[in-house]
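Single-structure report; data block below.
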Amino acid sequence: MNNDSSTSNHLFDTASLPFSQACENNKQPILEILQQELQGFNHVLEVGSGTGQHSVYLAPRLGHLTWQTSDVLAHHATINAWHAAYPAPNLYAPLTFDVSHDSVPTNKAVAAPYDAVFTANTLHIMSWSLVEKLFELVGEALSINGKLIVYGPFNENGHYISVGNQQFDISLQQHDPKSGIRHLEDIIALAKTHHLRLSDRYAMPANNQLLVFQKH
Ligand SMILES: C[S@@+](CC[C@H](N)C(=O)[O-])C[C@H]1O[C@@H](n2cnc3c(N)ncnc32)[C@H](O)[C@@H]1O
């Protein structure tokens, strides 16, 4: 079931919109970290905005910055509908960004480089070659000291960190053999090749993690 807990001033009923319960569960813990990590940052690009639920919750609570959503075109109608229900002055309509064939999109209205990129639950959906492409594109697009902030499940030391993650990984790979939970060490090594250094790592609910990389 849907709910209307994101803000108290929503304009439209969101009950008929695509809805992610996981987003509802993790949005507040994510916000608390972003409030620390994004102090002094100005322009965030969200990659793989999905339903748009994270963006409508996070943007108004991070009012010092702009929040640019993006995803493959198929998700735009849903993101726009969530934005219509929960508009915020610093929340921007989705740009098309398909990692497989686009470069990092820019919003001409903002006309400034992104100093942070946020992406949640995307690395285990994309194939490894797309994950590599994402880090390459983000590494190029970010300014020095810019941050890439990644939320999701990761394996550590070659192992699942929970039975739930193992079951999730099996279901992912049954659906798409190229998808799957990534190894933390592989992600850190990949990031390094694009001048992105792991600066912080947070344990999150439901055996997820939030990784913060900073460009040097
Ligand atoms: C599991 S959803 C996560 C959505 C949202 N961030 C969340 O946490 O609920 C994965 C997202 O990755 C996006 N995605 C998958 N492949 C992509 C690609 N090649 N380029 C950009 N986004 C992609 C999907 O469209 C989808 O929105």
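Labeling convention for the structure tokens: chains A, B, ... as they appear, residues from 1 per chain, ligands from 1 in order of appearance.
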>> Residues near stretch 169-180 of chain A, anyone? I mean within 10 Å using only C-alpha atoms, not counting same-chain ones fewer than 2 positions away, as a PyMOL selection string.
In response: chain A and resi 122-130+153-154+160+163-167+182-183
Expected file contents, prior selection, N, CA and C atoms, as a short mmCIF file (atom, residue, chain, number, x, y, z; two decimals), in the first residue's frame:
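Just written: again_11.cif:
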```cif
data_model
loop_
_atom_site.label_atom_id
_atom_site.label_comp_id
_atom_site.auth_asym_id
_atom_site.auth_seq_id
_atom_site.Cartn_x
_atom_site.Cartn_y
_atom_site.Cartn_z
N THR A 122 21.47 0.55 -7.55
CA THR A 122 21.65 0.44 -9.00
C THR A 122 22.79 -0.51 -9.37
N LEU A 123 23.83 -0.61 -8.54
CA LEU A 123 25.02 -1.37 -8.97
C LEU A 123 24.72 -2.86 -9.10
N HIS A 124 23.76 -3.36 -8.33
CA HIS A 124 23.43 -4.79 -8.43
C HIS A 124 22.42 -5.06 -9.55
N ILE A 125 21.85 -3.98 -10.09
CA ILE A 125 20.91 -4.13 -11.21
C ILE A 125 21.66 -4.08 -12.53
N MET A 126 22.67 -3.21 -12.60
CA MET A 126 23.46 -3.08 -13.83
C MET A 126 24.44 -4.25 -13.96
N SER A 127 24.81 -4.57 -15.20
CA SER A 127 25.88 -5.55 -15.43
C SER A 127 27.20 -4.94 -14.93
N TRP A 128 28.22 -5.77 -14.72
CA TRP A 128 29.50 -5.24 -14.27
C TRP A 128 30.07 -4.23 -15.28
N SER A 129 29.90 -4.49 -16.57
CA SER A 129 30.45 -3.54 -17.56
C SER A 129 29.73 -2.19 -17.45
N LEU A 130 28.45 -2.19 -17.10
CA LEU A 130 27.75 -0.91 -16.90
C LEU A 130 28.21 -0.22 -15.61
N PRO A 153 23.41 -3.06 -1.27
CA PRO A 153 24.04 -4.20 -0.60
C PRO A 153 25.41 -4.50 -1.24
N PHE A 154 26.36 -4.94 -0.44
CA PHE A 154 27.68 -5.32 -0.96
C PHE A 154 28.17 -6.56 -0.23
N TYR A 160 28.83 -13.11 1.30
CA TYR A 160 27.61 -12.36 1.63
C TYR A 160 27.69 -11.95 3.09
N VAL A 163 22.26 -13.78 5.23
CA VAL A 163 21.49 -14.77 4.47
C VAL A 163 20.50 -14.06 3.54
N GLY A 164 19.94 -12.97 4.04
CA GLY A 164 18.99 -12.20 3.21
C GLY A 164 19.65 -11.71 1.93
N ASN A 165 20.89 -11.21 2.05
CA ASN A 165 21.61 -10.75 0.86
C ASN A 165 21.87 -11.91 -0.10
N GLN A 166 22.19 -13.08 0.45
CA GLN A 166 22.45 -14.25 -0.40
C GLN A 166 21.18 -14.62 -1.19
N GLN A 167 20.06 -14.62 -0.50
CA GLN A 167 18.80 -14.96 -1.16
C GLN A 167 18.44 -13.92 -2.23
N ARG A 182 27.47 -6.71 -5.74
CA ARG A 182 28.89 -6.48 -6.06
C ARG A 182 29.76 -6.66 -4.82
N HIS A 183 31.04 -6.95 -5.09
CA HIS A 183 32.01 -7.08 -3.99
C HIS A 183 32.55 -5.70 -3.66
#
```
Within 10 Å of ligand 1: each chain A residue with its shortest pair, only C-alpha atoms and all ligand atoms, as a tab-separated table:
```
residue	atom	partner	partner_atom_place_in_ligand_line	distance
A:Phe19	CA	ligand 1	9 (O)	8.7
A:Ser20	CA	ligand 1	9 (O)	6.1
A:Gln21	CA	ligand 1	9 (O)	8.5
A:Ala22	CA	ligand 1	9 (O)	6.7
A:Cys23	CA	ligand 1	9 (O)	5.4
A:Glu24	CA	ligand 1	9 (O)	9.0
A:Asn26	CA	ligand 1	8 (O)	8.7
A:Lys27	CA	ligand 1	8 (O)	9.0
A:Glu46	CA	ligand 1	6 (N)	8.0
A:Val47	CA	ligand 1	22 (N)	6.2
A:Gly48	CA	ligand 1	13 (C)	4.0
A:Ser49	CA	ligand 1	6 (N)	4.5
A:Gly50	CA	ligand 1	27 (O)	3.3
A:Thr51	CA	ligand 1	4 (C)	6.4
A:Gly52	CA	ligand 1	5 (C)	7.2
A:Gln53	CA	ligand 1	9 (O)	7.4
A:His54	CA	ligand 1	7 (C)	7.0
A:Ser55	CA	ligand 1	6 (N)	9.0
A:Thr69	CA	ligand 1	6 (N)	9.8
A:Ser70	CA	ligand 1	21 (C)	7.7
A:Asp71	CA	ligand 1	22 (N)	4.9
A:Val72	CA	ligand 1	25 (O)	5.4
A:Leu73	CA	ligand 1	25 (O)	8.2
A:Ala74	CA	ligand 1	25 (O)	7.4
A:His75	CA	ligand 1	25 (O)	6.3
A:His76	CA	ligand 1	25 (O)	9.4
A:Ile79	CA	ligand 1	27 (O)	9.6
A:Thr96	CA	ligand 1	21 (C)	8.2
A:Phe97	CA	ligand 1	21 (C)	5.4
A:Asp98	CA	ligand 1	20 (N)	3.4
A:Val99	CA	ligand 1	20 (N)	3.9
A:Ser100	CA	ligand 1	19 (N)	4.9
A:His101	CA	ligand 1	19 (N)	7.9
A:Asp102	CA	ligand 1	20 (N)	8.3
A:Phe118	CA	ligand 1	6 (N)	8.8
A:Thr119	CA	ligand 1	6 (N)	6.0
A:Ala120	CA	ligand 1	6 (N)	4.2
A:Asn121	CA	ligand 1	3 (C)	4.6
A:Thr122	CA	ligand 1	12 (O)	4.4
A:Leu123	CA	ligand 1	12 (O)	7.7
A:His124	CA	ligand 1	1 (C)	8.0
A:Ile125	CA	ligand 1	10 (C)	5.8
A:Met126	CA	ligand 1	16 (N)	5.2
A:Ser127	CA	ligand 1	16 (N)	8.3
A:Ser129	CA	ligand 1	19 (N)	10.0
A:Leu130	CA	ligand 1	19 (N)	6.5
A:Val131	CA	ligand 1	19 (N)	8.7
A:Lys133	CA	ligand 1	19 (N)	9.3
A:Leu134	CA	ligand 1	20 (N)	8.1
A:Val150	CA	ligand 1	6 (N)	9.8
A:Tyr151	CA	ligand 1	8 (O)	7.8
A:Gly152	CA	ligand 1	8 (O)	8.0
A:Ser179	CA	ligand 1	16 (N)	10.0
```
>> Give me, as a PyMOL selection string, the residues of stretch 30-183 of chain A that a backbone DSSP run labels helix (DSSP H, G or I).
In response: chain A and resi 30-37+53-61+73-85+128-141+163-175
> Which polymer residues have any atom within 8 Å of an atom of A:Ile149, counting only C-alpha atoms, with same-chain residues fewer than 4 positions away left out, as a VMD selection string?
Replying inline: chain A and resid 116 to 119 210 to 213
With all heavy atoms kept, could you save the residues just selected as a PDB file, in the first residue's frame?
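Output contents, as saved in selection_2.pdb:
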```
ATOM      1  N   ALA A 116      28.259  16.470  -6.613  1.00  0.00           N
ATOM      2  CA  ALA A 116      27.974  15.180  -5.987  1.00  0.00           C
ATOM      3  C   ALA A 116      27.048  14.363  -6.881  1.00  0.00           C
ATOM      4  O   ALA A 116      26.212  14.912  -7.599  1.00  0.00           O
ATOM      5  CB  ALA A 116      27.330  15.387  -4.617  1.00  0.00           C
ATOM      6  N   VAL A 117      27.233  13.057  -6.808  1.00  0.00           N
ATOM      7  CA  VAL A 117      26.354  12.109  -7.501  1.00  0.00           C
ATOM      8  C   VAL A 117      25.868  11.111  -6.460  1.00  0.00           C
ATOM      9  O   VAL A 117      26.671  10.607  -5.659  1.00  0.00           O
ATOM     10  CB  VAL A 117      27.100  11.372  -8.634  1.00  0.00           C
ATOM     11  CG1 VAL A 117      26.235  10.266  -9.226  1.00  0.00           C
ATOM     12  CG2 VAL A 117      27.530  12.365  -9.732  1.00  0.00           C
ATOM     13  N   PHE A 118      24.559  10.861  -6.449  1.00  0.00           N
ATOM     14  CA  PHE A 118      23.963   9.885  -5.529  1.00  0.00           C
ATOM     15  C   PHE A 118      23.301   8.792  -6.352  1.00  0.00           C
ATOM     16  O   PHE A 118      22.600   9.100  -7.328  1.00  0.00           O
ATOM     17  CB  PHE A 118      22.919  10.570  -4.634  1.00  0.00           C
ATOM     18  CG  PHE A 118      22.098   9.615  -3.807  1.00  0.00           C
ATOM     19  CD1 PHE A 118      22.634   9.033  -2.664  1.00  0.00           C
ATOM     20  CD2 PHE A 118      20.806   9.271  -4.180  1.00  0.00           C
ATOM     21  CE1 PHE A 118      21.893   8.139  -1.898  1.00  0.00           C
ATOM     22  CE2 PHE A 118      20.055   8.374  -3.419  1.00  0.00           C
ATOM     23  CZ  PHE A 118      20.605   7.815  -2.277  1.00  0.00           C
ATOM     24  N   THR A 119      23.508   7.555  -5.959  1.00  0.00           N
ATOM     25  CA  THR A 119      22.796   6.475  -6.636  1.00  0.00           C
ATOM     26  C   THR A 119      22.484   5.371  -5.633  1.00  0.00           C
ATOM     27  O   THR A 119      23.339   4.994  -4.825  1.00  0.00           O
ATOM     28  CB  THR A 119      23.586   5.957  -7.860  1.00  0.00           C
ATOM     29  OG1 THR A 119      22.732   5.105  -8.626  1.00  0.00           O
ATOM     30  CG2 THR A 119      24.863   5.228  -7.482  1.00  0.00           C
ATOM     31  N   LEU A 210      26.233   2.409   2.817  1.00  0.00           N
ATOM     32  CA  LEU A 210      26.329   3.648   2.058  1.00  0.00           C
ATOM     33  C   LEU A 210      27.810   3.985   1.947  1.00  0.00           C
ATOM     34  O   LEU A 210      28.505   4.111   2.948  1.00  0.00           O
ATOM     35  CB  LEU A 210      25.527   4.753   2.749  1.00  0.00           C
ATOM     36  CG  LEU A 210      25.272   5.979   1.871  1.00  0.00           C
ATOM     37  CD1 LEU A 210      23.887   6.529   2.141  1.00  0.00           C
ATOM     38  CD2 LEU A 210      26.290   7.032   2.147  1.00  0.00           C
ATOM     39  N   LEU A 211      28.293   4.032   0.704  1.00  0.00           N
ATOM     40  CA  LEU A 211      29.712   4.267   0.428  1.00  0.00           C
ATOM     41  C   LEU A 211      29.881   5.683  -0.082  1.00  0.00           C
ATOM     42  O   LEU A 211      29.132   6.127  -0.966  1.00  0.00           O
ATOM     43  CB  LEU A 211      30.220   3.292  -0.646  1.00  0.00           C
ATOM     44  CG  LEU A 211      29.893   1.807  -0.465  1.00  0.00           C
ATOM     45  CD1 LEU A 211      30.446   1.007  -1.645  1.00  0.00           C
ATOM     46  CD2 LEU A 211      30.444   1.284   0.855  1.00  0.00           C
ATOM     47  N   VAL A 212      30.860   6.374   0.451  1.00  0.00           N
ATOM     48  CA  VAL A 212      31.141   7.745   0.002  1.00  0.00           C
ATOM     49  C   VAL A 212      32.535   7.768  -0.604  1.00  0.00           C
ATOM     50  O   VAL A 212      33.522   7.430   0.054  1.00  0.00           O
ATOM     51  CB  VAL A 212      31.074   8.735   1.180  1.00  0.00           C
ATOM     52  CG1 VAL A 212      31.337  10.159   0.684  1.00  0.00           C
ATOM     53  CG2 VAL A 212      29.720   8.646   1.884  1.00  0.00           C
ATOM     54  N   PHE A 213      32.597   8.147  -1.876  1.00  0.00           N
ATOM     55  CA  PHE A 213      33.873   8.292  -2.574  1.00  0.00           C
ATOM     56  C   PHE A 213      34.107   9.768  -2.845  1.00  0.00           C
ATOM     57  O   PHE A 213      33.167  10.496  -3.200  1.00  0.00           O
ATOM     58  CB  PHE A 213      33.845   7.546  -3.914  1.00  0.00           C
ATOM     59  CG  PHE A 213      33.661   6.062  -3.769  1.00  0.00           C
ATOM     60  CD1 PHE A 213      32.388   5.500  -3.818  1.00  0.00           C
ATOM     61  CD2 PHE A 213      34.748   5.228  -3.566  1.00  0.00           C
ATOM     62  CE1 PHE A 213      32.208   4.125  -3.677  1.00  0.00           C
ATOM     63  CE2 PHE A 213      34.582   3.855  -3.424  1.00  0.00           C
ATOM     64  CZ  PHE A 213      33.308   3.300  -3.484  1.00  0.00           C
TER      65      PHE A 213
END
```
> Any idea what's packed within 8 Å of A:Leu17, counting only C-alpha atoms, ignoring anything in its chain fewer than 4 positions away? Could you give it as a VMD selection string?
Replying inline: chain A and resid 78 81 to 82
> Within 12 Å of A:Thr66, counting only C-alpha atoms, which residues qualify if same-chain residues fewer than 4 places away don't, as a PyMOL selection string?
Replying inline: chain A and resi 38+40-46+55-56+58-62+88-93+107+109-117
In stretch 4-205 of chain A, DSSP strand (DSSP E or B) residues written as a PDB file with N, CA and C atoms, in the first residue's frame:
```pdb
ATOM      1  N   HIS A  43      25.246  20.941  -6.048  1.00  0.00           N
ATOM      2  CA  HIS A  43      24.454  20.351  -7.133  1.00  0.00           C
ATOM      3  C   HIS A  43      24.628  18.836  -7.145  1.00  0.00           C
ATOM      4  N   VAL A  44      23.526  18.126  -6.885  1.00  0.00           N
ATOM      5  CA  VAL A  44      23.561  16.664  -6.850  1.00  0.00           C
ATOM      6  C   VAL A  44      22.861  16.107  -8.086  1.00  0.00           C
ATOM      7  N   LEU A  45      23.500  15.123  -8.710  1.00  0.00           N
ATOM      8  CA  LEU A  45      22.842  14.331  -9.751  1.00  0.00           C
ATOM      9  C   LEU A  45      22.504  12.978  -9.144  1.00  0.00           C
ATOM     10  N   GLU A  46      21.234  12.603  -9.213  1.00  0.00           N
ATOM     11  CA  GLU A  46      20.837  11.257  -8.783  1.00  0.00           C
ATOM     12  C   GLU A  46      20.757  10.368 -10.023  1.00  0.00           C
ATOM     13  N   VAL A  47      21.452   9.249  -9.985  1.00  0.00           N
ATOM     14  CA  VAL A  47      21.444   8.295 -11.100  1.00  0.00           C
ATOM     15  C   VAL A  47      20.509   7.138 -10.749  1.00  0.00           C
ATOM     16  N   THR A  66      20.744  21.750  -5.105  1.00  0.00           N
ATOM     17  CA  THR A  66      19.763  21.326  -6.115  1.00  0.00           C
ATOM     18  C   THR A  66      19.864  19.824  -6.291  1.00  0.00           C
ATOM     19  N   TRP A  67      18.719  19.206  -6.543  1.00  0.00           N
ATOM     20  CA  TRP A  67      18.662  17.734  -6.692  1.00  0.00           C
ATOM     21  C   TRP A  67      18.142  17.425  -8.101  1.00  0.00           C
ATOM     22  N   GLN A  68      19.053  16.941  -8.938  1.00  0.00           N
ATOM     23  CA  GLN A  68      18.702  16.619 -10.325  1.00  0.00           C
ATOM     24  C   GLN A  68      18.462  15.116 -10.451  1.00  0.00           C
ATOM     25  N   THR A  69      17.233  14.729 -10.751  1.00  0.00           N
ATOM     26  CA  THR A  69      16.950  13.307 -10.948  1.00  0.00           C
ATOM     27  C   THR A  69      17.330  12.885 -12.367  1.00  0.00           C
ATOM     28  N   SER A  70      17.561  11.586 -12.533  1.00  0.00           N
ATOM     29  CA  SER A  70      17.800  11.042 -13.877  1.00  0.00           C
ATOM     30  C   SER A  70      17.478   9.551 -13.866  1.00  0.00           C
ATOM     31  N   ASP A  71      17.174   9.055 -15.028  1.00  0.00           N
ATOM     32  CA  ASP A  71      16.958   7.605 -15.196  1.00  0.00           C
ATOM     33  C   ASP A  71      16.769   7.342 -16.683  1.00  0.00           C
ATOM     34  N   LEU A  91      14.098  20.696  -6.619  1.00  0.00           N
ATOM     35  CA  LEU A  91      13.971  19.344  -7.178  1.00  0.00           C
ATOM     36  C   LEU A  91      13.705  19.442  -8.675  1.00  0.00           C
ATOM     37  N   TYR A  92      14.563  18.813  -9.477  1.00  0.00           N
ATOM     38  CA  TYR A  92      14.474  18.963 -10.930  1.00  0.00           C
ATOM     39  C   TYR A  92      13.948  17.693 -11.600  1.00  0.00           C
ATOM     40  N   ALA A  93      13.127  17.917 -12.623  1.00  0.00           N
ATOM     41  CA  ALA A  93      12.540  16.834 -13.416  1.00  0.00           C
ATOM     42  C   ALA A  93      13.640  15.954 -13.994  1.00  0.00           C
ATOM     43  N   PRO A  94      13.326  14.687 -14.223  1.00  0.00           N
ATOM     44  CA  PRO A  94      14.383  13.756 -14.642  1.00  0.00           C
ATOM     45  C   PRO A  94      14.995  14.092 -16.001  1.00  0.00           C
ATOM     46  N   LEU A  95      16.303  13.915 -16.062  1.00  0.00           N
ATOM     47  CA  LEU A  95      17.024  13.921 -17.322  1.00  0.00           C
ATOM     48  C   LEU A  95      17.219  12.470 -17.750  1.00  0.00           C
ATOM     49  N   THR A  96      17.298  12.263 -19.050  1.00  0.00           N
ATOM     50  CA  THR A  96      17.546  10.910 -19.537  1.00  0.00           C
ATOM     51  C   THR A  96      19.016  10.569 -19.341  1.00  0.00           C
ATOM     52  N   ALA A 116      28.259  16.470  -6.613  1.00  0.00           N
ATOM     53  CA  ALA A 116      27.974  15.180  -5.987  1.00  0.00           C
ATOM     54  C   ALA A 116      27.048  14.363  -6.881  1.00  0.00           C
ATOM     55  N   VAL A 117      27.233  13.057  -6.808  1.00  0.00           N
ATOM     56  CA  VAL A 117      26.354  12.109  -7.501  1.00  0.00           C
ATOM     57  C   VAL A 117      25.868  11.111  -6.460  1.00  0.00           C
ATOM     58  N   PHE A 118      24.559  10.861  -6.449  1.00  0.00           N
ATOM     59  CA  PHE A 118      23.963   9.885  -5.529  1.00  0.00           C
ATOM     60  C   PHE A 118      23.301   8.792  -6.352  1.00  0.00           C
ATOM     61  N   THR A 119      23.508   7.555  -5.959  1.00  0.00           N
ATOM     62  CA  THR A 119      22.796   6.475  -6.636  1.00  0.00           C
ATOM     63  C   THR A 119      22.484   5.371  -5.633  1.00  0.00           C
ATOM     64  N   ALA A 120      21.244   4.900  -5.655  1.00  0.00           N
ATOM     65  CA  ALA A 120      20.796   3.883  -4.696  1.00  0.00           C
ATOM     66  C   ALA A 120      20.291   2.651  -5.433  1.00  0.00           C
ATOM     67  N   LYS A 147      31.819  14.300  -4.652  1.00  0.00           N
ATOM     68  CA  LYS A 147      31.540  13.015  -4.002  1.00  0.00           C
ATOM     69  C   LYS A 147      30.611  12.142  -4.842  1.00  0.00           C
ATOM     70  N   LEU A 148      30.913  10.862  -4.857  1.00  0.00           N
ATOM     71  CA  LEU A 148      29.993   9.857  -5.385  1.00  0.00           C
ATOM     72  C   LEU A 148      29.498   9.054  -4.183  1.00  0.00           C
ATOM     73  N   ILE A 149      28.186   9.041  -3.978  1.00  0.00           N
ATOM     74  CA  ILE A 149      27.597   8.379  -2.808  1.00  0.00           C
ATOM     75  C   ILE A 149      26.701   7.248  -3.314  1.00  0.00           C
ATOM     76  N   VAL A 150      27.027   6.047  -2.875  1.00  0.00           N
ATOM     77  CA  VAL A 150      26.382   4.844  -3.404  1.00  0.00           C
ATOM     78  C   VAL A 150      25.711   4.089  -2.258  1.00  0.00           C
ATOM     79  N   TYR A 151      24.424   3.799  -2.426  1.00  0.00           N
ATOM     80  CA  TYR A 151      23.685   3.023  -1.420  1.00  0.00           C
ATOM     81  C   TYR A 151      23.339   1.665  -2.008  1.00  0.00           C
ATOM     82  N   GLY A 152      23.468   0.628  -1.204  1.00  0.00           N
ATOM     83  CA  GLY A 152      23.040  -0.691  -1.663  1.00  0.00           C
ATOM     84  C   GLY A 152      23.685  -1.799  -0.869  1.00  0.00           C
ATOM     85  N   PHE A 154      26.362  -4.943  -0.436  1.00  0.00           N
ATOM     86  CA  PHE A 154      27.682  -5.319  -0.960  1.00  0.00           C
ATOM     87  C   PHE A 154      28.166  -6.561  -0.231  1.00  0.00           C
ATOM     88  N   ASN A 155      28.952  -7.372  -0.946  1.00  0.00           N
ATOM     89  CA  ASN A 155      29.636  -8.495  -0.305  1.00  0.00           C
ATOM     90  C   ASN A 155      30.957  -7.996   0.254  1.00  0.00           C
ATOM     91  N   GLU A 156      31.442  -8.690   1.288  1.00  0.00           N
ATOM     92  CA  GLU A 156      32.724  -8.307   1.884  1.00  0.00           C
ATOM     93  C   GLU A 156      33.604  -9.531   2.030  1.00  0.00           C
ATOM     94  N   HIS A 159      32.377 -12.744   0.661  1.00  0.00           N
ATOM     95  CA  HIS A 159      31.219 -13.418   1.266  1.00  0.00           C
ATOM     96  C   HIS A 159      30.004 -12.495   1.328  1.00  0.00           C
ATOM     97  N   ARG A 182      27.473  -6.715  -5.736  1.00  0.00           N
ATOM     98  CA  ARG A 182      28.895  -6.482  -6.059  1.00  0.00           C
ATOM     99  C   ARG A 182      29.762  -6.660  -4.818  1.00  0.00           C
ATOM    100  N   HIS A 183      31.038  -6.950  -5.094  1.00  0.00           N
ATOM    101  CA  HIS A 183      32.007  -7.082  -3.993  1.00  0.00           C
ATOM    102  C   HIS A 183      32.552  -5.701  -3.660  1.00  0.00           C
ATOM    103  N   LEU A 196      38.652   8.196  -7.553  1.00  0.00           N
ATOM    104  CA  LEU A 196      37.619   8.283  -6.509  1.00  0.00           C
ATOM    105  C   LEU A 196      38.082   7.418  -5.331  1.00  0.00           C
ATOM    106  N   ARG A 197      38.291   8.045  -4.203  1.00  0.00           N
ATOM    107  CA  ARG A 197      38.821   7.362  -3.013  1.00  0.00           C
ATOM    108  C   ARG A 197      37.697   7.176  -1.995  1.00  0.00           C
ATOM    109  N   LEU A 198      37.594   5.973  -1.434  1.00  0.00           N
ATOM    110  CA  LEU A 198      36.572   5.738  -0.404  1.00  0.00           C
ATOM    111  C   LEU A 198      36.897   6.597   0.809  1.00  0.00           C
ATOM    112  N   SER A 199      35.991   7.511   1.152  1.00  0.00           N
ATOM    113  CA  SER A 199      36.271   8.397   2.295  1.00  0.00           C
ATOM    114  C   SER A 199      35.425   8.033   3.510  1.00  0.00           C
ATOM    115  N   ASP A 200      34.262   7.413   3.301  1.00  0.00           N
ATOM    116  CA  ASP A 200      33.432   7.003   4.429  1.00  0.00           C
ATOM    117  C   ASP A 200      32.598   5.804   4.018  1.00  0.00           C
ATOM    118  N   ARG A 201      32.236   5.021   5.027  1.00  0.00           N
ATOM    119  CA  ARG A 201      31.389   3.854   4.767  1.00  0.00           C
ATOM    120  C   ARG A 201      30.466   3.683   5.958  1.00  0.00           C
ATOM    121  N   TYR A 202      29.171   3.574   5.692  1.00  0.00           N
ATOM    122  CA  TYR A 202      28.176   3.500   6.760  1.00  0.00           C
ATOM    123  C   TYR A 202      27.368   2.207   6.633  1.00  0.00           C
ATOM    124  N   ALA A 203      27.181   1.533   7.768  1.00  0.00           N
ATOM    125  CA  ALA A 203      26.251   0.402   7.803  1.00  0.00           C
ATOM    126  C   ALA A 203      24.833   0.963   7.819  1.00  0.00           C
ATOM    127  N   MET A 204      23.968   0.395   7.005  1.00  0.00           N
ATOM    128  CA  MET A 204      22.603   0.893   6.872  1.00  0.00           C
ATOM    129  C   MET A 204      21.608  -0.225   7.185  1.00  0.00           C
TER     130      MET A 204
END
```
>> Quick one: residues within 6 Å of A:Asn145, only C-alpha atoms, excluding same-chain residues fewer than 2 positions away - as a list of chain:residue names?
In response: A:Gln214, A:Lys215, A:His216
Next, dump the selected residues to file, keeping only N, CA, C and O atoms, as a PDB file, in the first residue's frame.
```
ATOM      1  N   GLN A 214      35.350  10.190  -2.713  1.00  0.00           N
ATOM      2  CA  GLN A 214      35.668  11.590  -2.995  1.00  0.00           C
ATOM      3  C   GLN A 214      36.721  11.655  -4.087  1.00  0.00           C
ATOM      4  O   GLN A 214      37.703  10.899  -4.076  1.00  0.00           O
ATOM      5  N   LYS A 215      36.515  12.564  -5.023  1.00  0.00           N
ATOM      6  CA  LYS A 215      37.456  12.684  -6.149  1.00  0.00           C
ATOM      7  C   LYS A 215      38.697  13.460  -5.718  1.00  0.00           C
ATOM      8  O   LYS A 215      38.594  14.465  -5.019  1.00  0.00           O
ATOM      9  N   HIS A 216      39.855  12.958  -6.152  1.00  0.00           N
ATOM     10  CA  HIS A 216      41.100  13.663  -5.820  1.00  0.00           C
ATOM     11  C   HIS A 216      41.901  13.908  -7.085  1.00  0.00           C
ATOM     12  O   HIS A 216      41.547  13.429  -8.158  1.00  0.00           O
TER      13      HIS A 216
END
```
> Of the candidates A:His83, A:Tyr57, A:Leu137, A:Ile161, which shows the shortest atom-to-atom distance to A:Asn25, using only C-alpha atoms?
Replying inline: A:Tyr57
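Of the residues under consideration (A:Glu185, A:Gly158, A:Leu190, A:Gln39), A:Leu190 shows the shortest atom-to-atom contact distance to A:Gly139 when counting only C-alpha atoms.
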>> With only C-alpha atoms as the counted atoms, please give the residues lying no more than 8 Å from A:Phe12, apart from itself and same-chain residues fewer than 3 positions off, as a list in words.
In response: Ala84, Ala85 and Tyr86 of chain A
> Between atom CA of A:Ala189 and atom CA of A:Leu34, what is the spacing in Å?
Replying inline: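 These two atoms are separated by 23.4 Å.
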